[in-house]
>>> print(open('model-v7.cif').read())   # mmCIF, C-alpha atoms
data_coords
#
loop_
_atom_site.label_atom_id
_atom_site.label_comp_id
_atom_site.auth_asym_id
_atom_site.auth_seq_id
_atom_site.Cartn_x
_atom_site.Cartn_y
_atom_site.Cartn_z
CA MET L 1 2.78 18.40 33.07
CA ARG L 2 -0.89 19.33 32.81
CA LEU L 3 -3.23 16.62 31.53
CA ASP L 4 -5.88 17.35 28.96
CA LYS L 5 -9.55 16.93 29.82
CA THR L 6 -9.85 13.48 28.25
CA SER L 7 -6.85 12.15 30.19
CA ARG L 8 -8.21 13.58 33.45
CA LEU L 9 -11.56 11.88 32.84
CA ILE L 10 -9.86 8.55 32.14
CA LEU L 11 -7.80 8.81 35.32
CA TYR L 12 -10.90 9.75 37.29
CA ALA L 13 -12.80 6.75 35.95
CA MET L 14 -9.91 4.41 36.71
CA SER L 15 -9.68 5.82 40.21
CA ARG L 16 -13.41 5.43 40.74
CA TYR L 17 -13.55 1.80 39.70
CA HIS L 18 -10.45 0.88 41.68
CA SER L 19 -12.17 2.55 44.62
CA TYR L 20 -15.11 0.17 44.12
CA ILE L 21 -12.71 -2.76 44.17
CA ASN L 22 -10.97 -1.48 47.30
CA THR L 23 -14.28 -1.09 49.12
CA ALA L 24 -15.37 -4.57 48.03
CA LEU L 25 -12.06 -6.00 49.24
CA LYS L 26 -12.50 -4.22 52.57
CA LEU L 27 -15.94 -5.76 53.00
CA ILE L 28 -14.73 -9.22 52.01
CA LEU L 29 -11.87 -8.94 54.53
CA LEU L 30 -14.13 -7.73 57.34
CA TYR L 31 -16.82 -10.35 56.75
CA LYS L 32 -16.37 -13.43 58.94
CA GLY L 33 -19.27 -15.57 57.72
CA ASP L 34 -21.17 -15.46 61.01
CA GLN L 35 -24.27 -13.87 59.48
CA PRO L 36 -25.78 -13.59 56.00
CA PHE L 37 -23.67 -11.29 53.87
CA ALA L 38 -26.83 -9.40 52.87
CA VAL L 39 -27.31 -8.41 56.52
CA PHE L 40 -23.63 -7.55 56.95
CA ILE L 41 -23.38 -5.28 53.90
CA LYS L 42 -26.69 -3.56 54.65
CA TYR L 43 -25.37 -2.64 58.09
CA PHE L 44 -22.09 -1.40 56.56
CA PHE L 45 -23.85 0.91 54.12
CA SER L 46 -26.19 2.18 56.84
CA LYS L 47 -23.12 3.56 58.63
CA GLU L 48 -21.29 4.74 55.50
CA LYS L 49 -23.61 7.38 54.08
CA LYS L 50 -21.15 8.54 51.40
CA TYR L 51 -22.14 5.71 49.03
CA GLY L 52 -25.00 6.44 46.65
CA SER L 53 -27.42 3.81 45.38
CA LYS L 54 -25.37 3.12 42.23
CA ASP L 55 -22.21 2.78 44.30
CA ARG L 56 -23.89 0.35 46.70
CA LYS L 57 -25.24 -1.74 43.85
CA GLN L 58 -21.85 -1.94 42.12
CA ILE L 59 -19.92 -2.79 45.29
CA SER L 60 -22.48 -5.42 46.34
CA SER L 61 -22.27 -7.02 42.90
CA LEU L 62 -18.48 -7.20 43.09
CA CYS L 63 -18.63 -8.89 46.50
CA TYR L 64 -21.22 -11.47 45.49
CA ASN L 65 -19.38 -12.23 42.25
CA TYR L 66 -16.20 -12.75 44.25
CA PHE L 67 -17.97 -15.24 46.54
CA ARG L 68 -19.38 -17.08 43.50
CA LEU L 69 -15.87 -18.16 42.56
CA GLY L 70 -15.64 -20.03 45.85
CA PHE L 71 -12.21 -21.60 46.34
CA ALA L 72 -10.98 -20.87 42.79
CA MET L 73 -8.02 -18.59 41.97
CA LYS L 74 -6.34 -19.07 45.34
CA ASN L 75 -2.95 -18.10 43.89
CA CYS L 76 -4.20 -14.84 42.37
CA SER L 77 -4.78 -11.47 43.96
CA ALA L 78 -8.25 -10.70 45.26
CA GLU L 79 -8.48 -7.88 42.71
CA GLN L 80 -7.80 -10.31 39.85
CA LYS L 81 -10.43 -12.65 41.27
CA ILE L 82 -13.02 -9.86 41.39
CA ILE L 83 -12.39 -8.87 37.75
CA MET L 84 -12.55 -12.51 36.61
CA ALA L 85 -15.74 -13.03 38.60
CA THR L 86 -17.32 -9.95 37.02
CA PHE L 87 -16.56 -11.30 33.55
CA LEU L 88 -17.91 -14.79 34.29
CA CYS L 89 -20.99 -13.80 36.30
CA ASP L 90 -22.24 -10.72 34.44
CA ASN L 91 -23.64 -10.67 30.91
CA VAL L 92 -24.05 -6.98 30.10
CA GLU L 93 -21.29 -4.55 29.13
CA SER L 94 -20.34 -2.11 31.89
CA ALA L 95 -18.18 0.94 32.37
CA PHE L 96 -16.51 -0.91 35.23
CA LEU L 97 -15.19 -3.76 33.08
CA GLU L 98 -14.55 -1.45 30.12
CA ASN L 99 -12.05 0.49 32.25
CA LEU L 100 -10.36 -2.56 33.77
CA ASN L 101 -10.46 -5.11 30.95
CA PRO L 102 -12.03 -3.75 27.75
CA TYR L 103 -11.41 -7.00 25.83
CA TRP L 104 -13.47 -9.01 28.31
CA ASN L 105 -16.12 -6.30 28.34
CA LYS L 106 -16.64 -6.80 24.59
CA LYS L 107 -17.01 -10.57 25.20
CA ILE L 108 -19.36 -10.25 28.19
CA SER L 109 -22.47 -11.47 26.32
CA LEU L 110 -20.89 -14.80 25.34
CA SER L 111 -22.37 -17.97 26.77
CA LEU L 112 -20.84 -19.18 30.03
CA SER L 113 -19.24 -22.15 28.28
CA ASP L 114 -17.60 -19.82 25.73
CA LYS L 115 -16.34 -17.55 28.50
CA LEU L 116 -14.86 -20.51 30.34
CA GLU L 117 -13.08 -21.59 27.17
CA LEU L 118 -11.71 -18.07 26.76
CA VAL L 119 -10.16 -18.01 30.27
CA LYS L 120 -9.24 -21.69 30.58
CA ASP L 121 -5.52 -20.92 31.00
CA ASP L 122 -6.23 -18.74 34.05
CA PHE L 123 -9.34 -20.30 35.60
CA LEU L 124 -10.40 -23.87 36.38
CA LEU L 125 -14.15 -24.23 36.89
CA THR L 126 -14.06 -27.18 39.31
CA ASP L 127 -11.74 -25.28 41.67
CA ILE L 128 -14.85 -23.38 42.80
CA PHE L 129 -16.06 -26.42 44.75
CA PRO L 130 -13.37 -28.68 46.28
CA PHE L 131 -15.91 -31.06 47.87
CA ASN L 132 -16.56 -33.26 44.84
CA ASP L 133 -16.03 -36.49 46.78
CA TYR L 134 -19.00 -35.69 49.04
CA LEU L 135 -21.58 -35.03 46.30
CA SER L 136 -24.64 -37.19 45.74
CA GLU L 137 -23.76 -39.54 42.90
CA SER L 138 -26.27 -38.10 40.42
CA ILE L 139 -24.83 -34.58 40.73
CA SER L 140 -22.11 -33.46 38.33
CA VAL L 141 -19.47 -31.23 39.91
CA GLU L 142 -19.15 -29.31 36.62
CA ASN L 143 -22.89 -28.57 36.56
CA TYR L 144 -22.85 -27.59 40.21
CA CYS L 145 -19.90 -25.22 39.72
CA GLN L 146 -21.51 -23.63 36.66
CA SER L 147 -24.69 -23.04 38.66
CA MET L 148 -22.65 -21.14 41.26
CA LEU L 149 -21.78 -18.56 38.60
CA MET L 150 -25.44 -17.68 37.94
CA GLN L 151 -27.78 -16.04 40.42
CA PRO L 152 -30.94 -18.17 40.77
CA PHE L 153 -34.27 -16.81 39.58
CA LEU L 154 -37.03 -15.69 41.92
CA PHE L 155 -39.84 -18.24 41.90
CA LEU L 156 -43.42 -17.77 43.09
CA ARG L 157 -45.99 -20.51 43.57
CA ILE L 158 -49.53 -19.50 42.69
CA ARG L 159 -51.97 -20.59 45.38
CA PRO L 160 -54.84 -22.59 43.84
CA GLN L 161 -57.68 -20.44 45.19
CA CYS L 162 -56.11 -17.29 43.71
CA ARG L 163 -54.96 -18.56 40.33
CA LEU L 164 -57.13 -16.39 38.06
CA THR L 165 -56.59 -13.25 40.15
CA THR L 166 -52.84 -13.78 40.17
CA LEU L 167 -52.60 -14.42 36.43
CA LYS L 168 -54.53 -11.22 35.74
CA LYS L 169 -52.20 -9.29 38.02
CA LEU L 170 -49.21 -10.91 36.34
CA GLU L 171 -50.32 -9.77 32.88
CA LYS L 172 -51.08 -6.28 34.14
CA SER L 173 -47.68 -6.00 35.86
CA LYS L 174 -45.75 -6.02 32.55
CA LEU L 175 -43.07 -8.08 34.29
CA LEU L 176 -40.83 -10.34 32.23
CA TYR L 177 -41.81 -13.80 33.42
CA GLN L 178 -42.09 -17.45 32.53
CA LEU L 179 -44.96 -19.64 33.69
CA ILE L 180 -43.79 -23.16 34.56
CA ASN L 181 -46.10 -26.12 35.18
CA ASN L 182 -49.13 -23.79 35.27
CA ASN L 183 -48.57 -22.59 38.85
CA CYS L 184 -44.93 -21.55 39.10
CA ILE L 185 -43.86 -18.04 38.09
CA GLN L 186 -40.20 -17.45 37.21
CA LEU L 187 -39.02 -13.86 37.62
CA SER L 188 -35.83 -11.82 37.64
CA PRO L 189 -33.93 -12.23 40.96
CA SER L 190 -34.25 -8.50 41.64
CA THR L 191 -38.07 -8.46 41.42
CA ASN L 192 -39.89 -7.26 44.52
CA ALA L 193 -42.87 -9.61 44.39
CA GLY L 194 -44.66 -7.73 47.15
CA ASP L 195 -45.11 -4.78 44.80
CA PHE L 196 -47.38 -6.87 42.56
CA PHE L 197 -48.96 -9.65 44.65
CA ILE L 198 -50.24 -10.33 48.16
CA ILE L 199 -47.53 -12.62 49.49
CA ASP L 200 -48.71 -15.88 51.12
CA LYS L 201 -52.33 -15.17 50.20
CA GLU L 202 -52.06 -15.07 46.40
CA VAL L 203 -48.53 -16.39 45.88
CA VAL L 204 -45.84 -17.98 48.02
CA VAL L 205 -42.20 -17.04 47.50
CA GLN L 206 -40.82 -20.55 47.09
CA ASP L 207 -38.00 -21.95 44.98
CA TYR L 208 -38.99 -24.02 41.94
CA ASN L 209 -37.70 -27.32 43.33
CA SER L 210 -39.01 -26.61 46.80
CA GLN L 211 -42.42 -26.49 45.11
CA GLN L 212 -41.86 -30.02 43.74
CA VAL L 213 -41.02 -31.94 46.93
CA LEU L 214 -44.60 -33.12 47.52
CA ASN L 215 -45.34 -34.02 43.88
CA TYR L 216 -45.24 -37.76 44.56
CA LEU L 217 -47.57 -37.37 47.51
CA GLU L 218 -49.96 -35.23 45.46
CA ALA L 219 -50.00 -37.68 42.55
CA ASN L 220 -50.64 -40.70 44.79
CA GLU L 221 -52.69 -39.13 47.57
CA ASN L 222 -55.45 -41.72 47.82
CA SER L 223 -53.19 -44.78 47.63
CA LEU L 224 -50.79 -43.32 50.19
CA LEU L 225 -53.22 -41.66 52.61
CA GLY L 226 -56.46 -43.59 52.01
CA ASP L 227 -59.55 -42.79 49.98
CA LYS L 228 -61.39 -41.19 52.88
CA ALA L 229 -59.96 -38.60 55.21
CA PRO L 230 -60.64 -39.36 58.89
CA LEU L 231 -62.13 -36.80 61.25
CA PRO L 232 -61.03 -34.22 62.28
CA GLY L 233 -58.69 -34.56 59.28
CA LEU L 234 -55.37 -35.96 58.14
CA ALA L 235 -53.08 -35.91 61.18
CA ALA L 236 -49.91 -34.29 59.86
CA TRP L 237 -46.79 -33.04 61.65
CA ASP L 238 -44.37 -30.63 60.00
CA CYS L 239 -41.61 -31.30 62.50
CA CYS L 240 -38.96 -28.81 61.23
CA ALA L 241 -41.47 -26.24 60.08
CA ALA L 242 -39.32 -23.07 60.01
CA SER L 243 -41.64 -20.36 58.68
CA GLY L 244 -44.17 -22.88 57.39
CA GLY L 245 -43.54 -23.04 53.64
CA LYS L 246 -43.96 -26.83 53.39
CA SER L 247 -47.11 -26.72 55.52
CA ILE L 248 -48.67 -24.14 53.19
CA LEU L 249 -47.65 -26.32 50.24
CA LEU L 250 -49.24 -29.38 51.89
CA ASN L 251 -52.42 -27.41 52.53
CA ASP L 252 -52.58 -26.48 48.84
CA VAL L 253 -51.81 -29.84 47.21
CA VAL L 254 -53.68 -32.31 49.45
CA LYS L 255 -57.37 -32.50 48.68
CA ARG L 256 -58.56 -33.16 52.22
CA LYS L 257 -58.85 -31.46 55.57
CA ILE L 258 -55.61 -31.48 57.56
CA ASP L 259 -55.24 -31.70 61.33
CA LEU L 260 -51.88 -29.89 61.33
CA THR L 261 -49.16 -29.72 63.98
CA VAL L 262 -45.99 -27.68 63.42
CA SER L 263 -42.82 -27.44 65.47
CA ASP L 264 -39.44 -25.72 65.33
CA ILE L 265 -36.55 -24.93 67.67
CA ARG L 266 -36.59 -21.15 67.08
CA ILE L 267 -39.20 -18.96 68.79
CA GLY L 268 -38.71 -16.06 66.36
CA ILE L 269 -39.23 -18.32 63.35
CA VAL L 270 -42.44 -19.73 64.84
CA MET L 271 -43.71 -16.18 65.41
CA ASN L 272 -43.07 -15.53 61.72
CA LEU L 273 -44.93 -18.76 60.91
CA HIS L 274 -48.00 -17.49 62.77
CA GLN L 275 -48.03 -14.34 60.63
CA ARG L 276 -47.58 -16.33 57.40
CA PHE L 277 -50.38 -18.74 58.33
CA LYS L 278 -52.66 -15.80 59.05
CA ARG L 279 -52.01 -14.36 55.58
CA ALA L 280 -52.37 -17.84 54.06
CA ASN L 281 -55.75 -18.32 55.81
CA ILE L 282 -54.54 -21.37 57.76
CA LYS L 283 -56.42 -20.93 61.02
CA GLU L 284 -56.57 -24.31 62.73
CA TYR L 285 -53.28 -25.86 63.76
CA LYS L 286 -51.27 -26.84 66.80
CA TYR L 287 -47.67 -25.86 67.44
CA PHE L 288 -44.85 -26.32 69.90
CA ILE L 289 -41.23 -25.21 70.22
CA ALA L 290 -38.61 -27.90 70.79
CA ASP L 291 -35.20 -29.14 69.71
CA ILE L 292 -36.26 -32.40 68.11
CA GLY L 293 -32.64 -33.22 67.31
CA ASN L 294 -31.71 -33.36 70.98
CA THR L 295 -31.22 -36.79 72.55
CA THR L 296 -33.41 -35.67 75.49
CA PHE L 297 -36.35 -34.67 73.26
CA THR L 298 -39.68 -36.09 74.44
CA PRO L 299 -42.07 -36.50 71.49
CA PRO L 300 -45.74 -35.57 71.79
CA SER L 301 -48.06 -38.36 72.84
CA PHE L 302 -49.81 -38.43 69.51
CA ARG L 303 -49.63 -40.50 66.33
CA TYR L 304 -49.52 -38.96 62.87
CA GLN L 305 -50.50 -40.34 59.48
CA LEU L 306 -48.02 -37.99 57.80
CA ILE L 307 -44.76 -36.51 59.06
CA ILE L 308 -42.83 -34.00 56.97
CA CYS L 309 -39.20 -33.49 57.94
CA ASP L 310 -37.52 -30.63 56.05
CA ALA L 311 -34.33 -31.35 57.94
CA PRO L 312 -31.68 -28.84 58.99
CA CYS L 313 -28.73 -29.28 56.64
CA THR L 314 -25.69 -27.59 55.13
CA GLY L 315 -27.95 -25.73 52.71
CA SER L 316 -25.45 -26.48 49.94
CA GLY L 317 -28.25 -26.76 47.39
CA THR L 318 -29.07 -23.07 47.97
CA TRP L 319 -25.55 -21.60 47.85
CA GLY L 320 -26.29 -20.04 44.48
CA ARG L 321 -28.43 -17.58 46.49
CA THR L 322 -25.92 -17.22 49.34
CA PRO L 323 -22.51 -17.91 47.73
CA GLU L 324 -20.66 -16.56 50.75
CA GLN L 325 -21.59 -19.75 52.62
CA LEU L 326 -19.48 -21.84 50.23
CA CYS L 327 -16.43 -19.69 50.93
CA PHE L 328 -16.71 -20.31 54.69
CA PHE L 329 -17.70 -23.97 54.49
CA ASN L 330 -15.81 -26.72 56.31
CA SER L 331 -16.50 -30.28 55.20
CA SER L 332 -16.66 -31.45 58.84
CA ALA L 333 -20.15 -29.88 58.94
CA ILE L 334 -21.47 -32.59 56.62
CA LYS L 335 -21.01 -35.33 59.19
CA ASP L 336 -22.40 -33.10 61.97
CA PHE L 337 -25.59 -32.44 60.03
CA SER L 338 -25.91 -36.08 58.97
CA GLU L 339 -25.78 -37.22 62.58
CA LYS L 340 -28.32 -34.58 63.58
CA GLN L 341 -30.65 -35.67 60.77
CA LYS L 342 -30.46 -39.27 61.98
CA ARG L 343 -31.27 -38.18 65.54
CA ILE L 344 -34.28 -36.23 64.32
CA ALA L 345 -35.56 -39.25 62.38
CA LYS L 346 -35.01 -41.44 65.44
CA ASN L 347 -36.95 -39.00 67.62
CA VAL L 348 -39.97 -38.41 65.37
CA LEU L 349 -40.57 -41.75 63.68
CA PRO L 350 -42.04 -43.43 66.79
CA ASN L 351 -44.93 -40.99 66.31
CA LEU L 352 -45.70 -42.27 62.81
CA GLU L 353 -48.80 -44.48 62.58
CA GLU L 354 -48.60 -47.93 61.04
CA GLY L 355 -49.17 -47.35 57.33
CA GLY L 356 -48.20 -43.69 57.75
CA ILE L 357 -46.02 -41.65 55.37
CA PHE L 358 -42.70 -40.02 56.24
CA VAL L 359 -41.31 -37.31 53.91
CA TYR L 360 -37.60 -36.53 54.34
CA ILE L 361 -36.33 -33.37 52.62
CA THR L 362 -33.03 -31.49 52.47
CA CYS L 363 -31.66 -28.64 50.37
CA SER L 364 -28.25 -30.33 50.30
CA VAL L 365 -26.10 -31.71 47.48
CA PHE L 366 -24.14 -34.02 49.79
CA LYS L 367 -24.62 -37.77 49.76
CA GLU L 368 -24.11 -38.14 53.51
CA GLU L 369 -27.08 -35.84 54.17
CA ASN L 370 -29.22 -37.34 51.42
CA GLU L 371 -28.93 -40.97 50.30
CA VAL L 372 -26.97 -42.08 53.38
CA VAL L 373 -29.62 -40.73 55.77
CA ALA L 374 -32.41 -42.15 53.59
CA ASP L 375 -30.77 -45.58 53.76
CA PHE L 376 -30.43 -45.21 57.54
CA ILE L 377 -34.14 -44.39 57.85
CA LYS L 378 -35.13 -47.32 55.68
CA THR L 379 -33.01 -49.94 57.44
CA SER L 380 -33.20 -48.69 61.02
CA PHE L 381 -36.98 -48.34 61.13
CA ASN L 382 -38.01 -51.03 58.65
CA LEU L 383 -39.77 -48.56 56.37
CA ASN L 384 -40.55 -49.00 52.69
CA LEU L 385 -38.81 -46.47 50.47
CA LEU L 386 -41.47 -45.44 47.95
CA HIS L 387 -39.71 -42.60 46.16
CA GLN L 388 -36.31 -40.93 46.21
CA GLU L 389 -35.07 -38.10 44.03
CA VAL L 390 -32.44 -35.40 43.73
CA LEU L 391 -34.23 -32.36 42.30
CA LYS L 392 -31.41 -30.65 40.43
CA GLY L 393 -31.69 -26.91 40.01
CA PHE L 394 -28.89 -26.43 37.49
CA ASN L 395 -31.00 -26.21 34.33
CA ASN L 396 -33.66 -23.96 35.87
CA ARG L 397 -31.39 -21.61 37.85
CA ALA L 398 -33.09 -22.94 40.95
CA ASP L 399 -32.06 -24.64 44.20
CA THR L 400 -31.13 -28.32 44.39
CA MET L 401 -33.26 -30.40 46.76
CA PHE L 402 -33.44 -34.01 47.92
CA VAL L 403 -36.63 -35.83 48.83
CA ALA L 404 -37.28 -39.39 50.02
CA ILE L 405 -40.76 -40.72 50.84
CA PHE L 406 -41.31 -43.75 53.09
CA LYS L 407 -44.25 -45.81 54.27
CA LYS L 408 -44.35 -47.53 57.63
#
>>> encode(input="model-v7.cif", output="structure tokens")
Amino acid sequence: MRLDKTSRLILYAMSRYHSYINTALKLILLYKGDQPFAVFIKYFFSKEKKYGSKDRKQISSLCYNYFRLGFAMKNCSAEQKIIMATFLCDNVESAFLENLNPYWNKKISLSLSDKLELVKDDFLLTDIFPFNDYLSESISVENYCQSMLMQPFLFLRIRPQCRLTTLKKLEKSKLLYQLINNNCIQLSPSTNAGDFFIIDKEVVVQDYNSQQVLNYLEANENSLLGDKAPLPGLAAWDCCAASGGKSILLNDVVKRKIDLTVSDIRIGIVMNLHQRFKRANIKEYKYFIADIGNTTFTPPSFRYQLIICDAPCTGSGTWGRTPEQLCFFNSSAIKDFSEKQKRIAKNVLPNLEEGGIFVYITCSVFKEENEVVADFIKTSFNLNLLHQEVLKGFNNRADTMFVAIFKK
């Protein structure tokens, strides 16, 4: 029997969208979690030239939506999980969903809470994240799971010396944006900020809550660090510096000269830090490469008035950006990171001057990495806990951070 033109087009469309699902399932099956999924899928598409830009975008979206459902829908097929994830995570009608579930496609613009009510017989929100018992007490598992279904915004921090220039560029760009707290720009996740601003010189790509971790220090600078800055400047050590984001933040919020030292375990990351500091016009600083979490670590023979420790952690507060990490997570890692964080504190705190300030930061949602380590630092080293806060990203589509500030 010959099909009419309309029937052939419908079959072609169905075949095309099932092909997208099959490719997404292939990628999900091949991916082992040993590298960022963004790197993995980029390499895949570089070898498979048959996929056009629209195909790549659609397949990538299906994969990331699948990962956003974490451990939910274990008893369903992967195809069913992908279609459910598309409904919950997207908010614009698409030909893809129209062909596979037209009823859901018509409901795609509903609020997330309304969508969850619509699928409550087939989907349980809290199944996304089966690690509820490990959460910091102030974090709601429902809020955390809902945040996993929404891609976080891109946030830029305006550097103080470039505020007027940046705001003029922002208006000229015609980008859809929101200005938060006068110096934080919220943009669509897909925005390429480098097309509009000079990164690290005019703006820093930095999550909203990552921008807030030194707020207490900024608001109480003189009482915490003294009215007068000593020469050659405030002796500060960013001991887990990575690419230097917290050091640039410190440079921008503290109103005094800083005698800065940075360190990290990774040579490549420190090389990146040098390039960022050059763009950020930070010229005078010391650095060294070391594993400060190792029991054999020998600290520098120098005392610091301020130590910032943005500690290595599970990164669970940032999984909205990298949802694949949730799917490959084993809860045994929490204890491993907690022990490493305690070793780092033990290794660096002897270098803190009497009266000095220690800033402990994680991007974790787990109590054992946050409050438990903060309590260990307080009791083991007889420090005064001045401030402690979980910076929740749920309402702002941002990362969740933890910060504790101590005085010796």
>>> residues_around(input="model-v7.cif", residues="Ala242 of chain L", least_positions_apart="4", cutoff="7 Å", atoms="only C-alpha atoms", output="ChimeraX atom specification")
/L:264,269-270
>>> residues_around(input="model-v7.cif", residues="Ser301 of chain L", least_positions_apart="6", cutoff="12 Å", atoms="all atoms listed in the file", output="list in words")
Val348, Pro350, Asn351, Leu352 and Glu353 of chain L
>>> write_last_selection(input="model-v7.cif", atoms="C-alpha atoms", output="compact mmCIF listing (two decimals), in the coordinates of the input")
# COMPACT_ATOMS: atom_id res chain seq x y z
CA VAL L 348 -39.97 -38.41 65.37
CA PRO L 350 -42.04 -43.43 66.79
CA ASN L 351 -44.93 -40.99 66.31
CA LEU L 352 -45.70 -42.27 62.81
CA GLU L 353 -48.80 -44.48 62.58
>>> residues_around(input="model-v7.cif", residues="segment 179-192 of chain L", least_positions_apart="3", cutoff="12 Å", atoms="all atoms listed in the file", output="ChimeraX atom specification")
/L:57,150-164,166-167,170-171,173-176,195-199,202-212,215,252-253,320-321,396-398
>>> resolve_selection(input="model-v7.cif", expression="the PyMOL selection byres ((chain L and resi 313) around 9)", output="PyMOL selection string")
chain L and resi 310-312+314-316+333-334+337-338+340-341+362-364+369
>>> residues_around(input="model-v7.cif", residues="Glu324 of chain L", least_positions_apart="2", cutoff="8 Å", atoms="only C-alpha atoms", output="count of residues only")
12
>>> closest_residue(input="model-v7.cif", among="L:Gly268, L:Gly293, L:Pro130, L:Gly393", to="Asn143 of chain L", atoms="only C-alpha atoms")
L:Gly393
>>> closest_residue(input="model-v7.cif", among="L:Lys246, L:Arg256, L:Lys50, L:Arg16", to="Leu273 of chain L", atoms="only C-alpha atoms")
L:Lys246
>>> residues_around(input="model-v7.cif", residues="Ser111 of chain L", least_positions_apart="6", cutoff="10 Å", atoms="all atoms listed in the file", output="CSV table (one decimal) with C-alpha atoms, in the coordinates of the input")
chain,number,residue,atom,x,y,z
L,88,LEU,CA,-17.9,-14.8,34.3
L,91,ASN,CA,-23.6,-10.7,30.9
L,117,GLU,CA,-13.1,-21.6,27.2
>>> atom_distance(input="model-v7.cif", atom1="atom CA of Arg276 of chain L", atom2="atom CA of Ile289 of chain L")
16.8 Å
>>> closest_residue(input="model-v7.cif", among="L:Phe129, L:Ser223, L:Asp375, L:Glu93", to="Ser331 of chain L", atoms="all atoms listed in the file")
L:Phe129
>>> atom_distance(input="model-v7.cif", atom1="atom CA of Lys378 of chain L", atom2="atom CA of Lys257 of chain L")
28.5 Å
>>> atom_distance(input="model-v7.cif", atom1="atom CA of Leu125 of chain L", atom2="atom CA of Val373 of chain L")
29.5 Å
>>> closest_residue(input="model-v7.cif", among="L:Phe329, L:Tyr20, L:Trp237, L:Phe394", to="Phe302 of chain L", atoms="all atoms listed in the file")
L:Trp237
>>> resolve_selection(input="model-v7.cif", expression="the PyMOL selection byres ((chain L and resi 224) around 10)", output="number ranges by chain")
L: 216-223, 225-227, 305-306, 355-357, 386, 406-407
